[in-house]
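*Asks:* Just one file: target.csv, with CSV, C-alpha atoms and all ligand atoms.
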```csv
chain,number,residue,atom,x,y,z
A,1,MET,CA,68.9,4.2,-13.5
A,2,LYS,CA,70.8,7.4,-14.1
A,3,ALA,CA,72.3,8.5,-17.4
A,4,ALA,CA,73.6,11.7,-19.1
A,5,VAL,CA,71.0,13.2,-21.5
A,6,LEU,CA,71.6,16.1,-23.8
A,7,TYR,CA,68.7,18.4,-24.2
A,8,GLY,CA,70.2,21.2,-26.3
A,9,PRO,CA,73.3,23.3,-26.6
A,10,ARG,CA,75.2,23.2,-23.3
A,11,ASP,CA,72.1,21.7,-21.6
A,12,LEU,CA,73.3,18.3,-20.3
A,13,ARG,CA,71.4,16.7,-17.4
A,14,VAL,CA,71.5,13.5,-15.5
A,15,ASP,CA,68.1,11.9,-15.8
A,16,GLU,CA,66.3,8.8,-14.6
A,17,VAL,CA,66.0,6.4,-17.7
A,18,PRO,CA,64.8,2.8,-18.0
A,19,GLU,CA,67.3,0.2,-17.0
A,20,PRO,CA,68.3,-1.9,-20.0
A,21,THR,CA,67.6,-5.6,-20.4
A,22,VAL,CA,68.7,-8.2,-22.9
A,23,LEU,CA,66.5,-7.7,-26.0
A,24,THR,CA,68.1,-10.1,-28.5
A,25,PRO,CA,70.2,-13.3,-28.0
A,26,THR,CA,73.4,-11.4,-29.0
A,27,ASP,CA,73.0,-8.6,-26.4
A,28,ALA,CA,74.8,-8.2,-23.2
A,29,VAL,CA,74.0,-5.8,-20.4
A,30,VAL,CA,77.0,-4.0,-18.8
A,31,ARG,CA,77.2,-2.1,-15.5
A,32,ILE,CA,79.3,0.9,-16.5
A,33,THR,CA,82.2,1.4,-14.0
A,34,ALA,CA,84.0,4.2,-15.9
A,35,SER,CA,83.3,6.2,-19.0
A,36,CYS,CA,84.7,9.4,-20.5
A,37,ILE,CA,83.8,12.5,-22.4
A,38,CYS,CA,85.1,12.7,-26.0
A,39,GLY,CA,86.0,15.8,-28.1
A,40,SER,CA,83.3,14.6,-30.5
A,41,ASP,CA,80.7,14.7,-27.7
A,42,LEU,CA,81.5,18.4,-27.5
A,43,TRP,CA,80.4,19.0,-31.0
A,44,HIS,CA,76.9,17.8,-30.0
A,45,TYR,CA,77.1,19.7,-26.6
A,46,ARG,CA,78.1,22.9,-28.4
A,47,GLY,CA,75.1,22.6,-30.7
A,48,PHE,CA,77.0,22.1,-34.0
A,49,THR,CA,74.8,19.0,-34.6
A,50,ASP,CA,71.1,18.4,-33.8
A,51,LYS,CA,71.8,15.3,-31.8
A,52,ARG,CA,69.8,15.1,-28.5
A,53,GLY,CA,69.2,12.5,-25.9
A,54,ARG,CA,71.5,9.8,-24.5
A,55,ILE,CA,75.2,10.5,-25.1
A,56,GLY,CA,78.7,9.0,-24.6
A,57,HIS,CA,80.5,6.3,-26.6
A,58,GLU,CA,83.6,5.4,-24.5
A,59,PHE,CA,83.1,3.1,-21.5
A,60,LEU,CA,84.1,0.0,-19.7
A,61,GLY,CA,82.2,-2.0,-17.1
A,62,VAL,CA,81.2,-5.4,-15.7
A,63,VAL,CA,78.9,-7.7,-17.7
A,64,GLU,CA,75.7,-8.3,-15.8
A,65,GLN,CA,73.6,-10.4,-18.2
A,66,VAL,CA,74.2,-12.0,-21.6
A,67,GLY,CA,71.8,-13.3,-24.2
A,68,SER,CA,71.7,-17.0,-25.1
A,69,GLU,CA,74.0,-16.6,-28.2
A,70,VAL,CA,76.8,-14.6,-26.5
A,71,ALA,CA,79.9,-16.8,-26.3
A,72,THR,CA,83.0,-14.6,-25.6
A,73,VAL,CA,82.0,-12.7,-22.5
A,74,ARG,CA,80.4,-13.9,-19.3
A,75,PRO,CA,78.7,-12.2,-16.3
A,76,GLY,CA,81.3,-10.7,-14.0
A,77,ASP,CA,83.8,-10.0,-16.8
A,78,LEU,CA,85.4,-6.5,-17.0
A,79,VAL,CA,84.9,-5.4,-20.6
A,80,ILE,CA,86.0,-2.6,-22.9
A,81,ALA,CA,83.4,-1.2,-25.2
A,82,PRO,CA,84.9,0.4,-28.4
A,83,PHE,CA,83.1,3.5,-29.7
A,84,VAL,CA,81.2,1.7,-32.5
A,85,ILE,CA,79.2,-1.5,-32.2
A,86,SER,CA,80.4,-4.2,-34.6
A,87,CYS,CA,79.5,-7.9,-35.4
A,88,GLY,CA,83.0,-9.3,-35.8
A,89,VAL,CA,82.0,-11.6,-38.7
A,90,CYS,CA,81.0,-9.5,-41.7
A,91,PRO,CA,83.5,-8.8,-44.5
A,92,PRO,CA,84.5,-5.3,-43.2
A,93,CYS,CA,84.9,-6.7,-39.6
A,94,ARG,CA,87.0,-9.6,-40.9
A,95,GLY,CA,89.0,-7.3,-43.0
A,96,GLY,CA,90.0,-5.2,-40.0
A,97,TRP,CA,87.4,-2.4,-40.4
A,98,PRO,CA,84.9,-2.9,-37.6
A,99,THR,CA,83.8,0.7,-37.6
A,100,SER,CA,82.4,0.0,-41.1
A,101,CYS,CA,80.5,-3.1,-39.9
A,102,VAL,CA,77.5,-3.8,-42.1
A,103,ARG,CA,75.5,-4.5,-38.9
A,104,GLY,CA,77.2,-1.8,-36.9
A,105,ALA,CA,75.6,0.9,-34.9
A,106,GLY,CA,76.6,3.9,-32.7
A,107,TRP,CA,75.9,4.3,-29.0
A,108,GLY,CA,72.9,6.5,-28.3
A,109,GLY,CA,71.3,5.8,-31.7
A,110,PRO,CA,69.2,3.0,-33.2
A,111,ASP,CA,70.6,-0.5,-33.8
A,112,ARG,CA,69.9,-2.5,-36.9
A,113,ASP,CA,66.9,-4.2,-35.2
A,114,GLY,CA,65.4,-0.7,-34.6
A,115,HIS,CA,66.0,-0.7,-30.8
A,116,LEU,CA,67.6,2.4,-29.3
A,117,VAL,CA,71.1,1.7,-28.0
A,118,ASP,CA,72.0,3.2,-24.7
A,119,GLY,CA,74.6,6.0,-24.5
A,120,GLY,CA,77.9,5.2,-22.8
A,121,GLN,CA,77.5,7.8,-20.0
A,122,GLY,CA,75.1,6.2,-17.6
A,123,GLU,CA,74.9,3.4,-15.0
A,124,PHE,CA,74.1,0.6,-17.4
A,125,ALA,CA,74.1,-0.1,-21.2
A,126,ARG,CA,72.7,-2.7,-23.4
A,127,VAL,CA,75.4,-3.8,-25.8
A,128,PRO,CA,74.2,-5.3,-29.1
A,129,LEU,CA,76.4,-7.8,-30.9
A,130,ALA,CA,78.3,-8.3,-27.7
A,131,ASP,CA,80.7,-11.0,-29.1
A,132,GLY,CA,81.9,-8.7,-31.9
A,133,THR,CA,81.9,-5.5,-29.8
A,134,LEU,CA,83.2,-6.2,-26.3
A,135,VAL,CA,86.7,-7.2,-25.3
A,136,ALA,CA,87.3,-8.7,-21.8
A,137,ALA,CA,90.3,-7.7,-19.7
A,138,PRO,CA,91.4,-9.8,-16.7
A,139,VAL,CA,91.3,-7.0,-14.2
A,140,ASP,CA,89.1,-5.6,-11.4
A,141,PRO,CA,87.0,-2.4,-11.9
A,142,ASP,CA,89.3,-0.5,-9.5
A,143,ASP,CA,92.6,-1.6,-11.1
A,144,SER,CA,95.1,1.2,-11.4
A,145,ARG,CA,95.4,0.6,-15.2
A,146,MET,CA,91.7,1.5,-15.6
A,147,PRO,CA,92.3,5.0,-17.2
A,148,ALA,CA,94.6,3.4,-19.7
A,149,LEU,CA,92.1,0.6,-20.5
A,150,LEU,CA,89.4,3.2,-20.9
A,151,ALA,CA,91.5,5.1,-23.4
A,152,LEU,CA,91.5,2.0,-25.6
A,153,SER,CA,87.8,2.5,-26.2
A,154,ASP,CA,88.5,5.3,-28.6
A,155,VAL,CA,91.4,7.9,-28.2
A,156,MET,CA,94.3,5.5,-28.0
A,157,GLY,CA,93.0,3.4,-30.9
A,158,THR,CA,92.3,6.6,-32.9
A,159,GLY,CA,95.7,8.0,-32.1
A,160,HIS,CA,97.3,4.7,-33.2
A,161,HIS,CA,95.3,4.9,-36.4
A,162,ALA,CA,96.7,8.4,-37.1
A,163,ALA,CA,100.2,7.3,-36.5
A,164,LEU,CA,99.9,4.0,-38.4
A,165,SER,CA,98.2,5.8,-41.4
A,166,ALA,CA,100.9,8.5,-41.4
A,167,GLY,CA,103.6,5.8,-41.8
A,168,ALA,CA,105.1,6.1,-38.3
A,169,GLY,CA,107.8,3.5,-37.9
A,170,PRO,CA,111.5,3.0,-37.4
A,171,GLY,CA,113.5,5.8,-38.8
A,172,ALA,CA,110.4,7.9,-39.7
A,173,THR,CA,109.9,11.6,-38.9
A,174,VAL,CA,106.3,12.4,-38.2
A,175,ALA,CA,104.4,15.5,-37.1
A,176,VAL,CA,101.1,15.6,-35.2
A,177,VAL,CA,98.6,18.3,-35.8
A,178,GLY,CA,96.2,18.6,-32.9
A,179,ASP,CA,97.1,18.5,-29.2
A,180,GLY,CA,93.8,17.1,-27.8
A,181,ALA,CA,93.6,13.6,-26.4
A,182,VAL,CA,93.7,12.0,-29.8
A,183,GLY,CA,96.7,14.0,-31.0
A,184,LEU,CA,98.6,13.2,-27.8
A,185,CYS,CA,97.7,9.5,-28.2
A,186,ALA,CA,99.0,9.8,-31.8
A,187,VAL,CA,102.3,11.0,-30.3
A,188,LEU,CA,102.4,8.1,-27.9
A,189,ALA,CA,101.5,5.7,-30.8
A,190,ALA,CA,104.1,7.1,-33.2
A,191,SER,CA,106.7,6.7,-30.5
A,192,ARG,CA,105.6,3.2,-29.7
A,193,LEU,CA,105.8,2.3,-33.4
A,194,GLY,CA,109.5,3.4,-33.4
A,195,ALA,CA,109.4,6.8,-35.1
A,196,GLU,CA,112.7,8.5,-34.8
A,197,ARG,CA,111.3,12.0,-34.5
A,198,VAL,CA,107.9,13.0,-33.4
A,199,ILE,CA,107.1,16.7,-33.7
A,200,LEU,CA,104.0,17.9,-31.9
A,201,LEU,CA,102.3,21.2,-32.8
A,202,SER,CA,101.0,22.6,-29.6
A,203,THR,CA,100.5,26.1,-28.2
A,204,HIS,CA,99.3,24.9,-24.8
A,205,ALA,CA,102.1,24.3,-22.3
A,206,ASP,CA,100.3,21.6,-20.3
A,207,ARG,CA,99.5,19.6,-23.5
A,208,ALA,CA,103.0,20.0,-24.9
A,209,ASP,CA,104.4,18.7,-21.6
A,210,LEU,CA,102.2,15.6,-21.8
A,211,GLY,CA,103.3,15.3,-25.4
A,212,VAL,CA,106.9,15.2,-24.3
A,213,LYS,CA,106.1,12.5,-21.7
A,214,PHE,CA,104.4,10.5,-24.5
A,215,GLY,CA,107.6,10.7,-26.7
A,216,ALA,CA,107.5,13.9,-28.6
A,217,THR,CA,111.0,14.8,-29.6
A,218,ASP,CA,110.2,18.4,-30.6
A,219,ILE,CA,107.4,20.8,-29.8
A,220,VAL,CA,106.4,23.5,-32.3
A,221,ALA,CA,104.4,26.2,-30.4
A,222,ALA,CA,102.9,27.7,-33.5
A,223,ARG,CA,100.0,27.2,-35.9
A,224,GLY,CA,99.5,27.5,-39.7
A,225,ASP,CA,102.3,29.0,-41.8
A,226,GLN,CA,104.5,29.6,-38.8
A,227,ALA,CA,104.2,26.0,-37.8
A,228,VAL,CA,105.0,24.8,-41.3
A,229,ALA,CA,108.1,27.1,-41.4
A,230,ALA,CA,109.3,25.8,-38.0
A,231,VAL,CA,108.9,22.2,-39.1
A,232,GLN,CA,110.8,22.9,-42.4
A,233,ASP,CA,113.6,24.3,-40.2
A,234,LEU,CA,113.6,21.2,-38.0
A,235,THR,CA,113.8,18.9,-41.1
A,236,ASP,CA,116.5,20.7,-43.1
A,237,GLY,CA,113.8,22.1,-45.4
A,238,GLN,CA,112.5,18.6,-46.4
A,239,GLY,CA,109.3,18.3,-44.5
A,240,VAL,CA,108.2,15.2,-42.5
A,241,ASP,CA,107.6,11.7,-43.8
A,242,GLY,CA,104.1,11.6,-42.3
A,243,ALA,CA,101.7,14.0,-40.5
A,244,GLY,CA,98.8,12.9,-38.2
A,245,GLU,CA,95.8,15.1,-38.8
A,246,CYS,CA,93.9,14.9,-35.5
A,247,VAL,CA,91.5,17.9,-35.7
A,248,GLY,CA,89.3,17.8,-38.8
A,249,THR,CA,89.2,21.5,-40.0
A,250,SER,CA,90.3,23.1,-43.2
A,251,ALA,CA,93.1,24.8,-41.3
A,252,SER,CA,94.5,21.6,-39.8
A,253,TRP,CA,94.3,19.9,-43.1
A,254,GLY,CA,96.1,22.8,-44.8
A,255,THR,CA,98.9,22.5,-42.2
A,256,ALA,CA,99.2,18.7,-42.3
A,257,LEU,CA,99.4,18.7,-46.2
A,258,ALA,CA,102.0,21.4,-46.1
A,259,LEU,CA,104.1,19.6,-43.5
A,260,VAL,CA,104.8,16.5,-45.4
A,261,ARG,CA,107.7,16.0,-47.9
A,262,PRO,CA,107.0,15.0,-51.5
A,263,GLY,CA,105.8,11.4,-51.3
A,264,GLY,CA,104.8,11.8,-47.7
A,265,THR,CA,101.5,10.8,-46.1
A,266,VAL,CA,98.8,12.5,-44.1
A,267,GLY,CA,97.2,10.1,-41.6
A,268,TRP,CA,93.9,11.5,-40.8
A,269,VAL,CA,91.5,10.8,-38.0
A,270,GLY,CA,90.0,14.2,-37.1
A,271,VAL,CA,86.2,14.0,-37.6
A,272,PRO,CA,85.7,16.4,-40.5
A,273,HIS,CA,83.6,19.3,-39.3
A,274,ASP,CA,84.9,22.3,-41.2
A,275,VAL,CA,86.4,21.0,-44.5
A,276,LYS,CA,84.1,22.9,-46.8
A,277,ASP,CA,85.9,23.0,-50.1
A,278,GLY,CA,87.5,19.5,-50.1
A,279,LEU,CA,91.2,18.9,-50.4
A,280,PRO,CA,93.6,20.9,-52.6
A,281,ILE,CA,94.1,18.0,-55.0
A,282,TRP,CA,96.5,19.8,-57.3
A,283,LYS,CA,98.9,20.5,-54.5
A,284,MET,CA,98.7,16.9,-53.6
A,285,PHE,CA,99.2,15.8,-57.2
A,286,GLY,CA,102.3,17.9,-57.8
A,287,ARG,CA,104.0,16.5,-54.7
A,288,ASN,CA,102.7,12.9,-54.6
A,289,VAL,CA,101.1,13.5,-51.2
A,290,ASN,CA,99.2,10.5,-49.9
A,291,VAL,CA,96.2,10.6,-47.7
A,292,ARG,CA,95.3,7.6,-45.5
A,293,GLY,CA,92.9,7.2,-42.6
A,294,GLY,CA,89.3,7.8,-41.6
A,295,VAL,CA,87.3,6.5,-38.7
A,296,ALA,CA,89.6,4.4,-36.5
A,297,PRO,CA,89.0,0.6,-36.3
A,298,ALA,CA,89.5,0.8,-32.5
A,299,ARG,CA,88.1,-2.7,-31.9
A,300,ALA,CA,90.6,-4.2,-34.4
A,301,TYR,CA,93.6,-2.6,-32.6
A,302,LEU,CA,92.6,-3.9,-29.2
A,303,PRO,CA,94.3,-7.3,-29.5
A,304,ASP,CA,97.6,-5.5,-30.2
A,305,LEU,CA,97.3,-2.7,-27.7
A,306,LEU,CA,95.5,-4.4,-24.7
A,307,PRO,CA,98.4,-6.7,-23.7
A,308,GLU,CA,100.8,-3.8,-23.6
A,309,VAL,CA,98.4,-1.8,-21.4
A,310,LEU,CA,98.0,-4.8,-19.1
A,311,ALA,CA,101.8,-5.3,-19.0
A,312,GLY,CA,102.2,-1.6,-18.1
A,313,THR,CA,104.4,-0.8,-21.1
A,314,LEU,CA,101.7,1.4,-22.8
A,315,ASP,CA,100.0,3.9,-20.6
A,316,PRO,CA,97.7,6.5,-22.3
A,317,GLY,CA,96.0,7.1,-18.9
A,318,PRO,CA,97.6,10.5,-18.3
A,319,ILE,CA,95.3,12.0,-21.0
A,320,PHE,CA,92.6,12.1,-18.2
A,321,THR,CA,93.3,15.3,-16.4
A,322,ASP,CA,90.0,15.4,-14.5
A,323,THR,CA,87.6,12.9,-12.9
A,324,VAL,CA,84.0,13.5,-12.1
A,325,THR,CA,81.1,11.3,-10.9
A,326,LEU,CA,78.2,10.6,-13.2
A,327,ASP,CA,76.1,13.0,-11.1
A,328,ASP,CA,78.6,15.7,-11.9
A,329,VAL,CA,79.1,14.8,-15.6
A,330,ALA,CA,77.8,18.3,-16.7
A,331,ALA,CA,80.8,19.9,-14.8
A,332,GLY,CA,83.0,17.5,-16.8
A,333,TYR,CA,81.6,18.8,-20.1
A,334,ARG,CA,82.1,22.4,-19.0
A,335,ALA,CA,85.7,21.7,-18.1
A,336,MET,CA,86.3,20.3,-21.6
A,337,ASP,CA,84.3,22.9,-23.3
A,338,GLU,CA,86.3,25.6,-21.6
A,339,ARG,CA,89.6,23.7,-22.3
A,340,ARG,CA,90.4,23.5,-18.6
A,341,ALA,CA,90.6,19.7,-19.0
A,342,ILE,CA,92.3,17.6,-21.8
A,343,LYS,CA,89.9,14.7,-21.2
A,344,VAL,CA,87.5,13.9,-18.3
A,345,LEU,CA,86.9,10.5,-16.8
A,346,VAL,CA,83.5,9.8,-15.4
A,347,ARG,CA,83.3,7.4,-12.5
A,348,ALA,CA,80.2,5.4,-11.7
B,1,ZN,ZN,85.2,9.4,-28.8
B,2,ZN,ZN,80.6,-6.6,-38.9
```
Take the structure in the file and give it back as C-alpha cells.
*Replies:*
Amino acid sequence: MKAAVLYGPRDLRVDEVPEPTVLTPTDAVVRITASCICGSDLWHYRGFTDKRGRIGHEFLGVVEQVGSEVATVRPGDLVIAPFVISCGVCPPCRGGWPTSCVRGAGWGGPDRDGHLVDGGQGEFARVPLADGTLVAAPVDPDDSRMPALLALSDVMGTGHHAALSAGAGPGATVAVVGDGAVGLCAVLAASRLGAERVILLSTHADRADLGVKFGATDIVAARGDQAVAAVQDLTDGQGVDGAGECVGTSASWGTALALVRPGGTVGWVGVPHDVKDGLPIWKMFGRNVNVRGGVAPARAYLPDLLPEVLAGTLDPGPIFTDTVTLDDVAAGYRAMDERRAIKVLVRA
C-alpha cells in the first residue's frame, strides 16, 4: 500500500509500505478515505524535530477488519480517528483526558506493545485500542459533511479545548491568538459556546474572513503590543475575560497574557515550540491571571460535537482550503508550508 513517509526536512515522499493487519485482539484495520495535514506535521516537515518515517495523525475511514475483542466498531463502519490513541477505560480516559491515556500512543510511533503504529496519511492504518480510540459516524465516505467530520479528529476538538479553557460562554468576551486552523476553530467554538464577543487577531485577510464566518465579532489586524492596545480599546481598557492561545510561541503567550483582564484566563492549546524562558509568573500573580489547557482531549469531545456536525449545525469544514490526493500529498505540505493553504485535505 501507499503512505506518506518523511525522509528529512521538506523531503516527503509517497512510498510503498507493508499493508497492516490485526496484530492484537483490540486492533482494527481501517481503510483511510480522508486525512489531512496538521500545523504540527509542519514542525517535523520543516526539520524542527528529528521525527522521520510515517506521518499524519488526523484521518477517517472505513473499518476493514477487527480483532476478536473489539466491540464498538464493525467492518463497514465509517470511523473518526482522534489524533491520539486511547484505551477509554484507564483513570485519565474515564476522567475525560484521553490524550493522557496510560496505554495511549501516537500515530507513526510505537504502541505500548512495541509495534509500530501506522501514520494517518496512507491507504490503511492499524488502529490499536480500537474501542477506546475510534468513534463511528452513520454516514458514507463521500458524504458532504466529511470535511467537518475530519476536523473533529483534531482541530475542531483542539479549538473547542481552547475556547472552553478560556472560559468562553454566555456573556463572555474572548480573544483568539492564532489564525491557523486551530485558532479559527477556537473562534467557531467560542461562538458555539455563546460568547458575546469573539475577537480574532489576524493579519491575513482570507483567515480573518473565515473567522468572521465562524462568528468573530471583531478582527484585530495587528500583533504584539499593537494588538494588545487595539483589544484594550475594544474593551474600554478592561481586557478580555479569556484568551485562546493557539500558537505556542513566547510571542503568542506574551500577547495572550497581556490581553486578559485581571482574573481572566488564558486557554492554551498551541504546542509549545518556542517558549524558552517559561511564563512571566510575577505578571500573572499580580493580576490573578489563570492558565488552563494543554493537549486537547479530542476523543472526549466527540460525543458532544459529532451530533451537531451530523445535524449540520456545526461546520468546521471550511478550514480546508485545498484538497490533494495521497499521491500529491507533498504538494499539500508545500501549500501549507508556504501559507498558501490554511489546511489541506488528503483524499484517498
Ligand atoms: Zn493535528
Ligand atoms: Zn486510557
*Asks:* Grab the CA of Leu129 (chain A) to CA of Val70 (chain A) distance for me, in Å with one decimal place.
*Replies:* 8.1 Å
*Asks:* Give me the residues near region 26-29 of chain A as a PyMOL selection string, where near means some atom within 7 Å (using all atoms listed in the file) and where sequence neighbours in that chain fewer than 3 positions away do not count.
*Replies:* chain A and resi 20-23+63-67+69-70+125-130
*Asks:* Here is a test: counting all atoms listed in the file, which residue of A:Pro138, A:Arg192, A:Arg145, A:Ala258 is nearest to Gly224 (chain A)?
*Replies:*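 Result for the nearest residue to Gly224 (chain A): A:Ala258.
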*Asks:* Can you list, as a list of chain:residue names, every protein, DNA or RNA residue that comes within 8 Å of region 77-83 of chain A when you count all atoms listed in the file, leaving out same-chain residues fewer than 2 positions away?
*Replies:* A:His57, A:Glu58, A:Phe59, A:Leu60, A:Gly61, A:Val62, A:Val63, A:Val73, A:Arg74, A:Pro75, A:Ile85, A:Gly106, A:Trp107, A:Thr133, A:Leu134, A:Val135, A:Ala136, A:Ala137, A:Pro138, A:Val139, A:Asp140, A:Pro141, A:Leu149, A:Leu150, A:Leu152, A:Ser153, A:Asp154, A:Ala298, A:Arg299
*Asks:* Using only C-alpha atoms, which residues sit within 8 Å of region 314-322 of chain A once same-chain residues fewer than 4 positions away are excluded, as an mmCIF file with C-alpha atoms, in the coordinates of the input?
*Replies:*
```cif
data_model
loop_
_atom_site.group_PDB
_atom_site.id
_atom_site.type_symbol
_atom_site.label_atom_id
_atom_site.label_comp_id
_atom_site.auth_asym_id
_atom_site.auth_seq_id
_atom_site.Cartn_x
_atom_site.Cartn_y
_atom_site.Cartn_z
ATOM 1 C CA ARG A 145 95.400 0.600 -15.200
ATOM 2 C CA MET A 146 91.700 1.500 -15.600
ATOM 3 C CA PRO A 147 92.300 5.000 -17.200
ATOM 4 C CA ALA A 148 94.600 3.400 -19.700
ATOM 5 C CA LEU A 149 92.100 0.600 -20.500
ATOM 6 C CA LEU A 150 89.400 3.200 -20.900
ATOM 7 C CA ALA A 151 91.500 5.100 -23.400
ATOM 8 C CA MET A 156 94.300 5.500 -28.000
ATOM 9 C CA ALA A 181 93.600 13.600 -26.400
ATOM 10 C CA LEU A 184 98.600 13.200 -27.800
ATOM 11 C CA CYS A 185 97.700 9.500 -28.200
ATOM 12 C CA LEU A 188 102.400 8.100 -27.900
ATOM 13 C CA LEU A 210 102.200 15.600 -21.800
ATOM 14 C CA LEU A 305 97.300 -2.700 -27.700
ATOM 15 C CA GLU A 308 100.800 -3.800 -23.600
ATOM 16 C CA VAL A 309 98.400 -1.800 -21.400
ATOM 17 C CA GLY A 332 83.000 17.500 -16.800
ATOM 18 C CA ALA A 341 90.600 19.700 -19.000
ATOM 19 C CA ILE A 342 92.300 17.600 -21.800
ATOM 20 C CA LYS A 343 89.900 14.700 -21.200
ATOM 21 C CA VAL A 344 87.500 13.900 -18.300
ATOM 22 C CA LEU A 345 86.900 10.500 -16.800
#
```
*Asks:* Using all atoms listed in the file, which residues of chain A come within 9 Å of ligand ZN 2 (chain B), and what is the closest atom pair for each, with the distance in Å to one decimal? Give it as CSV, sorted by chain and residue number.
*Replies:*
```
residue,atom,partner,partner_atom,distance
A:Ile85,CA,B:ZN2,ZN,8.5
A:Ser86,CA,B:ZN2,ZN,4.9
A:Cys87,CA,B:ZN2,ZN,3.9
A:Gly88,CA,B:ZN2,ZN,4.8
A:Val89,CA,B:ZN2,ZN,5.2
A:Cys90,CA,B:ZN2,ZN,4.1
A:Pro91,CA,B:ZN2,ZN,6.7
A:Pro92,CA,B:ZN2,ZN,5.9
A:Cys93,CA,B:ZN2,ZN,4.4
A:Arg94,CA,B:ZN2,ZN,7.3
A:Trp97,CA,B:ZN2,ZN,8.1
A:Pro98,CA,B:ZN2,ZN,5.8
A:Thr99,CA,B:ZN2,ZN,8.1
A:Ser100,CA,B:ZN2,ZN,7.2
A:Cys101,CA,B:ZN2,ZN,3.6
A:Val102,CA,B:ZN2,ZN,5.3
A:Arg103,CA,B:ZN2,ZN,5.5
A:Gly104,CA,B:ZN2,ZN,6.2
A:Gly132,CA,B:ZN2,ZN,7.4
```
*Asks:* So the first atom is CA of Val266 (chain A) and the second is CA of Gly56 (chain A); what is the distance between them in Å, to one decimal place?
*Replies:*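 These two atoms are separated by 28.2 Å.
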*Asks:* Point out the residue among A:Pro18, A:Gly293, A:Gly194, A:Gly39 with the least atom-to-atom distance to ligand ZN 1 (chain B), counting only C-alpha atoms and all ligand atoms.
*Replies:*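 Closest to ligand ZN 1 (chain B), using only C-alpha atoms and all ligand atoms: A:Gly39.
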*Asks:* Would you mind telling me which residue in A:Asp241, A:Asp179, A:Asp218, A:Asp41 lies nearest to Gln121 (chain A) when using only C-alpha atoms?
*Replies:* A:Asp41
